[in-house]
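These notes concern the structure reproduced below.
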Amino acid sequence: MKKTTHFNFLIAAFAAFAIVFSSCQPAKPDMEKVKAEIQALENAYADGLNAKDANAVLAYYADDAVSMVNNAPVASGRDALLKMVQEDIASDTTNTSVSFEVVDIFAAGDLVVETGKATDKDVDGNVVKTGKYMSLFEKRDGKYVCIRDIYNEDKE
């Protein structure tokens with residue numbers, strides 16, 4: 001009788017441990033939902049660029065974000081990011097439109113890494129430039145914001 005009671009206690013203790021341990025694991029994110037959220041951020045970024053609205057573009061970034069774009073110094077913080085976006089908008093003298101496409105995402109906790117591709121088209125819809133990027137997002141106050149990104153253009 002003593003062996004059975006001891007064995008039952010061990011089984012019960014193991015089961016309790018397994019239940020507690022499994023309930024402590026973070027829930028896996030719904031990757032389709034996360035991808036849709038990130039694509040919406042990319043669309044808003046493109047809309048801001050296409051409307052030549054630097055402040056709309058800046059909504060993509062956290063105040064302490066760092067951006068590393070093609071052929072330019074690193075932009076750290078809100079003021080540097082605003083200057084970077086304003087210069088990007090000013091350099092588009094041909095009125096191209098840009099779009100961004102989420103290619104892949106990786107999520108863990110409050111962080112999401114995205115890889116994507118950028119396409120610039122002229123007023124007739126012809127592709128004039130392409131590029132690729134990687135962005136790191138963090139969920140802050142219930143929404144994702146970009147905290148780091150890097151972009152470079154494809155060779156023509």
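Each chain in the structure tokens gets a letter, A, B and so on, in the order shown; residues start at 1 in every chain, and ligands are counted from 1 in the order they appear.
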Hey, which bits of stretch 114-144 of chain A sit within 12 Å of stretch 63-66 of chain A, and for each residue what's the closest pair of atoms and how far apart in Å (one decimal), counting only C-alpha atoms, rows by chain and increasing number, as a Markdown table?
| residue | atom | partner | partner_atom | distance |
| --- | --- | --- | --- | --- |
| A:Ser135 | CA | A:Val66 | CA | 10.1 |
| A:Leu136 | CA | A:Ala65 | CA | 9.6 |
| A:Phe137 | CA | A:Ala65 | CA | 9.7 |
| A:Glu138 | CA | A:Ala65 | CA | 10.4 |
| A:Arg140 | CA | A:Asp63 | CA | 11.4 |
Close residues, stretch 89-91 of chain A itself excluded, 7 Å, only C-alpha atoms, min 2 positions apart in chain, as a VMD selection string
chain A and resid 49 52 85 to 87 93
Pull C-alpha atoms from the residues just selected and write them as a PDB file, in the first residue's frame.
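Output saved as result_14.pdb:
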ATOM      1  CA  LEU A  49       6.090  58.569 -48.837  1.00  0.00           C
ATOM      2  CA  LYS A  52       5.197  63.278 -49.484  1.00  0.00           C
ATOM      3  CA  VAL A  85      12.594  60.930 -44.575  1.00  0.00           C
ATOM      4  CA  GLN A  86      12.426  64.576 -45.654  1.00  0.00           C
ATOM      5  CA  GLU A  87      15.593  64.116 -47.733  1.00  0.00           C
ATOM      6  CA  THR A  93      11.874  64.498 -58.520  1.00  0.00           C
TER       7      THR A  93
END
Taking only stretch 12-154 of chain A into account, list the residues labelled strand (DSSP E or B) by DSSP (computed from the backbone), as number ranges by chain.
A: 61-68, 75-76, 97-108, 111-121, 127-140, 143-153
Using only C-alpha atoms, which protein or nucleic acid residues come within 9 Å of A:Ala44? Drop anything in the same chain fewer than 4 positions from it, and give the result as a PyMOL selection string.
chain A and resi 39-40+48-49+56-57+59-60
Test item: residues at most 9 Å from A:Asn95, only C-alpha atoms, excluding those fewer than 5 positions along its chain, as a PDB file with all heavy atoms, in the first residue's frame:
ATOM      1  N   ASN A  50       4.448  58.314 -50.593  1.00  0.00           N
ATOM      2  CA  ASN A  50       3.798  58.673 -51.856  1.00  0.00           C
ATOM      3  C   ASN A  50       3.046  59.998 -51.756  1.00  0.00           C
ATOM      4  O   ASN A  50       2.942  60.731 -52.736  1.00  0.00           O
ATOM      5  CB  ASN A  50       2.862  57.549 -52.309  1.00  0.00           C
ATOM      6  CG  ASN A  50       3.644  56.296 -52.670  1.00  0.00           C
ATOM      7  OD1 ASN A  50       4.808  56.347 -53.054  1.00  0.00           O
ATOM      8  ND2 ASN A  50       3.007  55.146 -52.522  1.00  0.00           N
ATOM      9  N   LYS A 121       7.759  52.582 -58.801  1.00  0.00           N
ATOM     10  CA  LYS A 121       7.219  52.622 -60.162  1.00  0.00           C
ATOM     11  C   LYS A 121       7.057  54.071 -60.603  1.00  0.00           C
ATOM     12  O   LYS A 121       6.771  54.950 -59.787  1.00  0.00           O
ATOM     13  CB  LYS A 121       5.857  51.922 -60.215  1.00  0.00           C
ATOM     14  CG  LYS A 121       5.941  50.433 -59.936  1.00  0.00           C
ATOM     15  CD  LYS A 121       4.571  49.783 -60.038  1.00  0.00           C
ATOM     16  CE  LYS A 121       4.678  48.287 -59.769  1.00  0.00           C
ATOM     17  NZ  LYS A 121       3.355  47.639 -59.827  1.00  0.00           N
ATOM     18  N   ASP A 122       7.223  54.292 -61.913  1.00  0.00           N
ATOM     19  CA  ASP A 122       6.997  55.628 -62.458  1.00  0.00           C
ATOM     20  C   ASP A 122       5.497  55.855 -62.656  1.00  0.00           C
ATOM     21  O   ASP A 122       4.680  54.975 -62.368  1.00  0.00           O
ATOM     22  CB  ASP A 122       7.798  55.846 -63.746  1.00  0.00           C
ATOM     23  CG  ASP A 122       7.394  54.931 -64.898  1.00  0.00           C
ATOM     24  OD1 ASP A 122       6.272  54.365 -64.877  1.00  0.00           O
ATOM     25  OD2 ASP A 122       8.190  54.796 -65.851  1.00  0.00           O
ATOM     26  N   VAL A 123       5.140  57.031 -63.167  1.00  0.00           N
ATOM     27  CA  VAL A 123       3.725  57.382 -63.318  1.00  0.00           C
ATOM     28  C   VAL A 123       2.986  56.465 -64.292  1.00  0.00           C
ATOM     29  O   VAL A 123       1.770  56.349 -64.238  1.00  0.00           O
ATOM     30  CB  VAL A 123       3.548  58.862 -63.723  1.00  0.00           C
ATOM     31  CG1 VAL A 123       3.982  59.784 -62.601  1.00  0.00           C
ATOM     32  CG2 VAL A 123       4.302  59.174 -64.995  1.00  0.00           C
TER      33      VAL A 123
END
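The spacing separating atom CA of A:Phe106 from atom CA of A:Leu82 amounts to 27.4 Å.
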Counting only C-alpha atoms, which residues of stretch 9-113 of chain A sit at most 12 Å from some atom of stretch 126-134 of chain A, and what is each one's closest atom pair with its distance in Å to one decimal, listed by chain and rising residue number, as JSON lines?
{"residue": "A:Ile38", "atom": "CA", "partner": "A:Met134", "partner_atom": "CA", "distance": 11.9}
{"residue": "A:Glu42", "atom": "CA", "partner": "A:Tyr133", "partner_atom": "CA", "distance": 11.2}
{"residue": "A:Ser67", "atom": "CA", "partner": "A:Met134", "partner_atom": "CA", "distance": 10.2}
{"residue": "A:Met68", "atom": "CA", "partner": "A:Tyr133", "partner_atom": "CA", "distance": 9.7}
{"residue": "A:Val69", "atom": "CA", "partner": "A:Tyr133", "partner_atom": "CA", "distance": 8.8}
{"residue": "A:Asn70", "atom": "CA", "partner": "A:Gly131", "partner_atom": "CA", "distance": 9.5}
{"residue": "A:Thr94", "atom": "CA", "partner": "A:Val128", "partner_atom": "CA", "distance": 10.4}
{"residue": "A:Asn95", "atom": "CA", "partner": "A:Val128", "partner_atom": "CA", "distance": 11.3}
{"residue": "A:Thr96", "atom": "CA", "partner": "A:Val128", "partner_atom": "CA", "distance": 8.2}
{"residue": "A:Ser97", "atom": "CA", "partner": "A:Val127", "partner_atom": "CA", "distance": 9.5}
{"residue": "A:Val98", "atom": "CA", "partner": "A:Lys129", "partner_atom": "CA", "distance": 9.1}
{"residue": "A:Ser99", "atom": "CA", "partner": "A:Thr130", "partner_atom": "CA", "distance": 9.7}
{"residue": "A:Phe100", "atom": "CA", "partner": "A:Lys132", "partner_atom": "CA", "distance": 9.0}
{"residue": "A:Glu101", "atom": "CA", "partner": "A:Lys132", "partner_atom": "CA", "distance": 9.4}
{"residue": "A:Val102", "atom": "CA", "partner": "A:Tyr133", "partner_atom": "CA", "distance": 9.5}
{"residue": "A:Val103", "atom": "CA", "partner": "A:Lys132", "partner_atom": "CA", "distance": 9.6}
{"residue": "A:Asp104", "atom": "CA", "partner": "A:Met134", "partner_atom": "CA", "distance": 9.6}
{"residue": "A:Ile105", "atom": "CA", "partner": "A:Met134", "partner_atom": "CA", "distance": 9.6}
{"residue": "A:Phe106", "atom": "CA", "partner": "A:Met134", "partner_atom": "CA", "distance": 11.1}
{"residue": "A:Val112", "atom": "CA", "partner": "A:Met134", "partner_atom": "CA", "distance": 10.5}
{"residue": "A:Val113", "atom": "CA", "partner": "A:Met134", "partner_atom": "CA", "distance": 7.1}
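Residues surrounding A:Gly142 within 12 Å are A:Glu37, A:Asp110, A:Glu138, A:Lys139, A:Val145 [only C-alpha atoms; sequence separation below 3 positions excluded].
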Residues of stretch 73-108 of chain A in helix (DSSP H, G or I), written as a PyMOL selection string:
chain A and resi 78-91
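With atom CA of A:Ile147 on one side and atom CA of A:Ala62 on the other, the separation reads 5.6 Å.
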